[in-house]
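J.: There's a structure below that I have some questions on.
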Amino acid sequence: MRRGMASILKDDLRAVRRVAIVGGTHGNERNGVGIATHLLANPDAAKRPSFETTVLLANPAAIEQNRRYVDEDLNRCFTAHKLHKLQPCPTRESKFARRLDFELGPKCDAERAVDLVIDLHNTTSDCGYALMMSRTDALSHAVCAALGPRVRCCEWADAPEHSVLPSCGRAGFTLEVGPVACGITDVETYRETLRLVHAALDFVHARNVALEAGGGAPAPRPPP
């Protein structure tokens with residue numbers, strides 16, 4: 001929505017020490033499932049010298065059945081009420097959500113285990129390539145600006161709390177691509193999404209290097 005926000009929001013100048021790449025939040029969105037599976041099989045591809053990268057398949061039950069979800073939408077399970085209520089988890093997705101929140105967050109803590117969450121999705125809507133994030137998330141806005149004008153920067157609606165998986169990290173965004181039919185992998189879209197993931201990791205590493213050198217965070221520049 002507002003690409004200029006990357007230059008307006010103030011960078012907190014904290015180095016990124018752990019990034020999580022997540023596929024399969026919706027089990028029938030095979031673009032993210034395929035990329036996460038590829039990176040799990042080729043872990044060196046996601047490595048960068050200045051931070052640790054974790055790759056996760058979020059909803060294995062839905063992935064196995066090639067369905068959006070089994071009992072309820074996992075991407076609506078990351079509210080404080082659902083994550084921290086004392087009752088046993090009533091659905092498979094609520095169990096997965098608590099496990100993911102523990103690994104990525106936890107969301108209730110000021111300090112999170114993961115500094116940046118990249119959640120991979122695809123949609124039948126003609127959205128092109130879009131990063132979706134909190135209006136106040138300076139790091140995700142900077143990543144979006146670094147990926148170039150082809151990538152749209154979209155902000156979640158203002159709300160007291162966001163229920164989506166990327167909200168578990170210190171920063172995080174959804175990488176949404178479309179139009180892609182559910183249940184299949186589109187090869188061209190897959191390749192471009194993987195390129196964008198690598199470009200995002202490269203920018204985060206360059207930012208870390210600049211911060212460690214004492215020069216401040218670099219201005220986001222699109223890859224060549």
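In the structure tokens, each chain is lettered A, B, ... as it comes, each chain's residues begin at 1, and ligands are numbered from 1 in order of appearance.
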Identify, on the basis of only C-alpha atoms, every residue whose closest approach to region 12-19 of chain A does not exceed 7 Å; exclude the query and any residue fewer than 3 positions from it along the same chain; express the result as a tab-separated table (two decimals) with all heavy atoms, in the first residue's frame.
T.:
chain	number	residue	atom	x	y	z
A	50	SER	N	25.38	-14.17	9.05
A	50	SER	CA	25.14	-13.33	10.23
A	50	SER	C	23.91	-13.72	11.04
A	50	SER	O	23.63	-13.11	12.07
A	50	SER	CB	25.01	-11.86	9.81
A	50	SER	OG	23.87	-11.68	8.98
A	51	PHE	N	23.16	-14.74	10.59
A	51	PHE	CA	21.99	-15.14	11.37
A	51	PHE	C	21.65	-16.60	11.10
A	51	PHE	O	22.08	-17.19	10.11
A	51	PHE	CB	20.77	-14.25	11.08
A	51	PHE	CG	20.33	-14.21	9.64
A	51	PHE	CD1	19.48	-15.18	9.11
A	51	PHE	CD2	20.77	-13.20	8.79
A	51	PHE	CE1	19.08	-15.13	7.78
A	51	PHE	CE2	20.37	-13.15	7.46
A	51	PHE	CZ	19.52	-14.12	6.95
A	52	GLU	N	20.85	-17.16	11.99
A	52	GLU	CA	20.37	-18.53	11.86
A	52	GLU	C	19.03	-18.53	11.12
A	52	GLU	O	18.19	-17.65	11.35
A	52	GLU	CB	20.19	-19.14	13.25
A	52	GLU	CG	19.56	-20.52	13.27
A	52	GLU	CD	19.22	-20.99	14.67
A	52	GLU	OE1	19.61	-20.31	15.65
A	52	GLU	OE2	18.53	-22.02	14.80
A	53	THR	N	18.84	-19.48	10.24
A	53	THR	CA	17.57	-19.62	9.53
A	53	THR	C	16.92	-20.95	9.90
A	53	THR	O	17.55	-22.00	9.81
A	53	THR	CB	17.77	-19.57	8.01
A	53	THR	OG1	18.45	-18.36	7.65
A	53	THR	CG2	16.42	-19.62	7.29
A	54	THR	N	15.66	-20.85	10.32
A	54	THR	CA	14.85	-22.03	10.63
A	54	THR	C	13.76	-22.15	9.57
A	54	THR	O	13.13	-21.15	9.22
A	54	THR	CB	14.21	-21.90	12.02
A	54	THR	OG1	15.24	-21.79	13.00
A	54	THR	CG2	13.33	-23.10	12.34
A	114	VAL	N	12.38	-15.48	17.54
A	114	VAL	CA	12.66	-15.21	16.12
A	114	VAL	C	12.51	-13.71	15.86
A	114	VAL	O	11.53	-13.09	16.27
A	114	VAL	CB	11.73	-16.03	15.22
A	114	VAL	CG1	11.79	-15.55	13.78
A	114	VAL	CG2	12.09	-17.51	15.29
A	115	ASP	N	13.48	-13.16	15.15
A	115	ASP	CA	13.44	-11.73	14.84
A	115	ASP	C	12.60	-11.41	13.61
A	115	ASP	O	12.03	-10.32	13.52
A	115	ASP	CB	14.87	-11.21	14.61
A	115	ASP	CG	15.70	-11.30	15.87
A	115	ASP	OD1	15.30	-10.72	16.90
A	115	ASP	OD2	16.77	-11.95	15.84
A	116	LEU	N	12.54	-12.34	12.65
A	116	LEU	CA	11.78	-12.09	11.42
A	116	LEU	C	11.15	-13.40	10.96
A	116	LEU	O	11.84	-14.40	10.77
A	116	LEU	CB	12.69	-11.54	10.32
A	116	LEU	CG	12.01	-11.25	8.97
A	116	LEU	CD1	11.00	-10.12	9.10
A	116	LEU	CD2	13.05	-10.93	7.90
A	117	VAL	N	9.83	-13.37	10.77
A	117	VAL	CA	9.08	-14.51	10.26
A	117	VAL	C	8.65	-14.22	8.82
A	117	VAL	O	8.06	-13.16	8.55
A	117	VAL	CB	7.83	-14.80	11.12
A	117	VAL	CG1	7.04	-15.97	10.54
A	117	VAL	CG2	8.23	-15.09	12.56
A	208	ASN	N	22.61	-6.56	8.70
A	208	ASN	CA	23.40	-6.97	9.86
A	208	ASN	C	24.85	-6.53	9.73
A	208	ASN	O	25.46	-6.02	10.69
A	208	ASN	CB	23.35	-8.49	10.03
A	208	ASN	CG	22.08	-8.97	10.70
A	208	ASN	OD1	21.31	-8.20	11.25
A	208	ASN	ND2	21.86	-10.28	10.66
A	211	LEU	N	25.14	-2.83	10.33
A	211	LEU	CA	24.98	-2.50	11.75
A	211	LEU	C	26.22	-2.85	12.55
A	211	LEU	O	26.66	-2.08	13.41
A	211	LEU	CB	23.75	-3.22	12.32
A	211	LEU	CG	22.38	-2.73	11.84
A	211	LEU	CD1	21.28	-3.66	12.34
A	211	LEU	CD2	22.12	-1.30	12.31
A	216	GLY	N	25.03	2.00	10.73
A	216	GLY	CA	23.58	2.10	10.71
A	216	GLY	C	23.00	1.17	9.66
A	216	GLY	O	23.72	0.56	8.87
A	217	ALA	N	21.69	1.07	9.66
A	217	ALA	CA	21.01	0.18	8.71
A	217	ALA	C	21.09	0.78	7.30
A	217	ALA	O	20.91	1.98	7.11
A	217	ALA	CB	19.55	0.00	9.11
J.: Please identify all polymer residues within 12 Å of region 77-94 of chain A, counting only C-alpha atoms, omitting same-chain residues fewer than 6 positions from it, and present them as a ChimeraX atom specification.
T.: /A:24-27,58-63,68-71,100-102,104-109,159-169
J.: With only C-alpha atoms as the basis for distance, which of A:Lys10, A:Arg150, A:Leu120, A:Ala130 is at the shortest distance from Gly34 (chain A)?
T.: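 Comparing A:Lys10, A:Arg150, A:Leu120, A:Ala130 against Gly34 (chain A), the winner is A:Leu120.
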J.: Which residue gives the smallest distance to Cys153 (chain A) among A:His198, A:His121, A:His141, A:His205, with only C-alpha atoms counted?
T.: A:His141
J.: Select from region 22-190 of chain A everything DSSP, run on the backbone, classes as strand (DSSP E or B), then give the selection as a compact mmCIF listing (two decimals) with N, CA and C atoms, in the first residue's frame.
T.:
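Writing the result to states35.txt gives the following:
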# COMPACT_ATOMS: atom_id res chain seq x y z
N VAL A 22 8.40 -20.08 6.79
CA VAL A 22 7.30 -21.00 7.10
C VAL A 22 6.47 -21.25 5.85
N GLY A 23 6.24 -22.50 5.54
CA GLY A 23 5.32 -22.88 4.47
C GLY A 23 4.22 -23.77 5.04
N ARG A 48 22.79 -17.80 5.98
CA ARG A 48 23.55 -16.58 5.78
C ARG A 48 24.50 -16.44 6.96
N PHE A 51 23.16 -14.74 10.59
CA PHE A 51 21.99 -15.14 11.37
C PHE A 51 21.65 -16.60 11.10
N GLU A 52 20.85 -17.16 11.99
CA GLU A 52 20.37 -18.53 11.86
C GLU A 52 19.03 -18.53 11.12
N THR A 53 18.84 -19.48 10.24
CA THR A 53 17.57 -19.62 9.53
C THR A 53 16.92 -20.95 9.90
N THR A 54 15.66 -20.85 10.32
CA THR A 54 14.85 -22.03 10.63
C THR A 54 13.76 -22.15 9.57
N VAL A 55 13.53 -23.34 9.06
CA VAL A 55 12.49 -23.58 8.06
C VAL A 55 11.47 -24.54 8.66
N LEU A 56 10.19 -24.19 8.54
CA LEU A 56 9.12 -24.96 9.17
C LEU A 56 7.99 -25.24 8.19
N LEU A 57 7.37 -26.40 8.34
CA LEU A 57 6.08 -26.71 7.72
C LEU A 57 5.04 -26.61 8.81
N LEU A 116 12.54 -12.34 12.65
CA LEU A 116 11.78 -12.09 11.42
C LEU A 116 11.15 -13.40 10.96
N VAL A 117 9.83 -13.37 10.77
CA VAL A 117 9.08 -14.51 10.26
C VAL A 117 8.65 -14.22 8.82
N ILE A 118 8.95 -15.15 7.92
CA ILE A 118 8.52 -15.06 6.52
C ILE A 118 7.53 -16.19 6.29
N ASP A 119 6.27 -15.86 6.14
CA ASP A 119 5.20 -16.85 6.00
C ASP A 119 4.74 -16.88 4.55
N LEU A 120 4.88 -18.03 3.90
CA LEU A 120 4.68 -18.15 2.45
C LEU A 120 3.27 -18.62 2.12
N HIS A 121 2.57 -17.86 1.29
CA HIS A 121 1.20 -18.18 0.91
C HIS A 121 1.02 -17.99 -0.60
N ASN A 122 -0.04 -18.59 -1.14
CA ASN A 122 -0.51 -18.20 -2.47
C ASN A 122 -2.03 -18.12 -2.47
N GLY A 128 -0.49 -10.46 -7.64
CA GLY A 128 0.91 -10.38 -7.98
C GLY A 128 1.76 -10.89 -6.83
N TYR A 129 2.82 -10.16 -6.53
CA TYR A 129 3.69 -10.50 -5.40
C TYR A 129 3.52 -9.40 -4.35
N ALA A 130 3.12 -9.78 -3.15
CA ALA A 130 2.79 -8.79 -2.13
C ALA A 130 3.32 -9.24 -0.77
N LEU A 131 3.88 -8.28 -0.03
CA LEU A 131 4.25 -8.50 1.35
C LEU A 131 3.21 -7.82 2.23
N MET A 132 2.69 -8.55 3.21
CA MET A 132 1.64 -8.06 4.09
C MET A 132 2.17 -8.06 5.53
N MET A 133 2.01 -6.92 6.21
CA MET A 133 2.68 -6.74 7.50
C MET A 133 1.96 -5.71 8.36
N VAL A 151 7.08 -5.78 -6.16
CA VAL A 151 6.49 -6.33 -4.94
C VAL A 151 5.68 -5.25 -4.24
N ARG A 152 4.42 -5.53 -4.02
CA ARG A 152 3.52 -4.57 -3.36
C ARG A 152 3.69 -4.67 -1.85
N CYS A 153 3.66 -3.52 -1.19
CA CYS A 153 3.70 -3.46 0.27
C CYS A 153 2.29 -3.21 0.78
N CYS A 154 1.75 -4.17 1.51
CA CYS A 154 0.38 -4.08 2.02
C CYS A 154 0.40 -4.18 3.54
N GLU A 155 -0.42 -3.37 4.18
CA GLU A 155 -0.45 -3.35 5.64
C GLU A 155 -1.72 -3.99 6.17
N ALA A 171 9.37 -9.30 14.24
CA ALA A 171 8.87 -8.72 13.00
C ALA A 171 8.43 -9.89 12.12
N GLY A 172 7.60 -9.59 11.15
CA GLY A 172 7.18 -10.69 10.28
C GLY A 172 6.19 -10.25 9.24
N PHE A 173 6.18 -11.00 8.12
CA PHE A 173 5.26 -10.66 7.05
C PHE A 173 4.80 -11.92 6.34
N THR A 174 3.67 -11.78 5.68
CA THR A 174 3.17 -12.79 4.76
C THR A 174 3.65 -12.44 3.36
N LEU A 175 4.25 -13.41 2.68
CA LEU A 175 4.57 -13.24 1.26
C LEU A 175 3.48 -13.96 0.48
N GLU A 176 2.58 -13.17 -0.09
CA GLU A 176 1.40 -13.69 -0.80
C GLU A 176 1.63 -13.54 -2.30
N VAL A 177 1.33 -14.60 -3.06
CA VAL A 177 1.49 -14.53 -4.51
C VAL A 177 0.24 -15.08 -5.18
N GLY A 178 -0.11 -14.49 -6.32
CA GLY A 178 -1.28 -14.96 -7.04
C GLY A 178 -1.47 -14.20 -8.36
J.: Mind giving me the straight-line distance from CA of Leu139 (chain A) to CA of Ala110 (chain A) in Å, one decimal?
T.: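 Atom-to-atom, CA of Leu139 (chain A) to CA of Ala110 (chain A), that is 16.4 Å.
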J.: Go through region 45-93 of chain A and collect every residue that DSSP, computed from the backbone, puts in helix (DSSP H, G or I); the answer should be as a PyMOL selection string.
T.: chain A and resi 45-46+60-65+74-76+80-84+92-93
J.: When you count only C-alpha atoms, which of these residues is closest to Ala146 (chain A): A:Arg207, A:Arg170, A:Lys95, A:Arg112?
T.: A:Arg207
J.: Between CA of Arg76 (chain A) and CA of Ala97 (chain A), what is the spacing in Å?
T.: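 Going from CA of Ala97 (chain A) over to CA of Arg76 (chain A) covers 9.2 Å.
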J.: Determine the nearest neighbour of Asp202 (chain A) from the options A:Ala113, A:Val180, A:Ala45, A:Val33, counting only C-alpha atoms.
T.: A:Ala45
J.: Can you tell me, as a VMD selection string, what residues are no more than 8 Å from region 182-188 of chain A when counting only C-alpha atoms, ignoring any on the same chain fewer than 4 positions away?
T.: chain A and resid 28 to 31 34 66 to 67 122 to 124 192
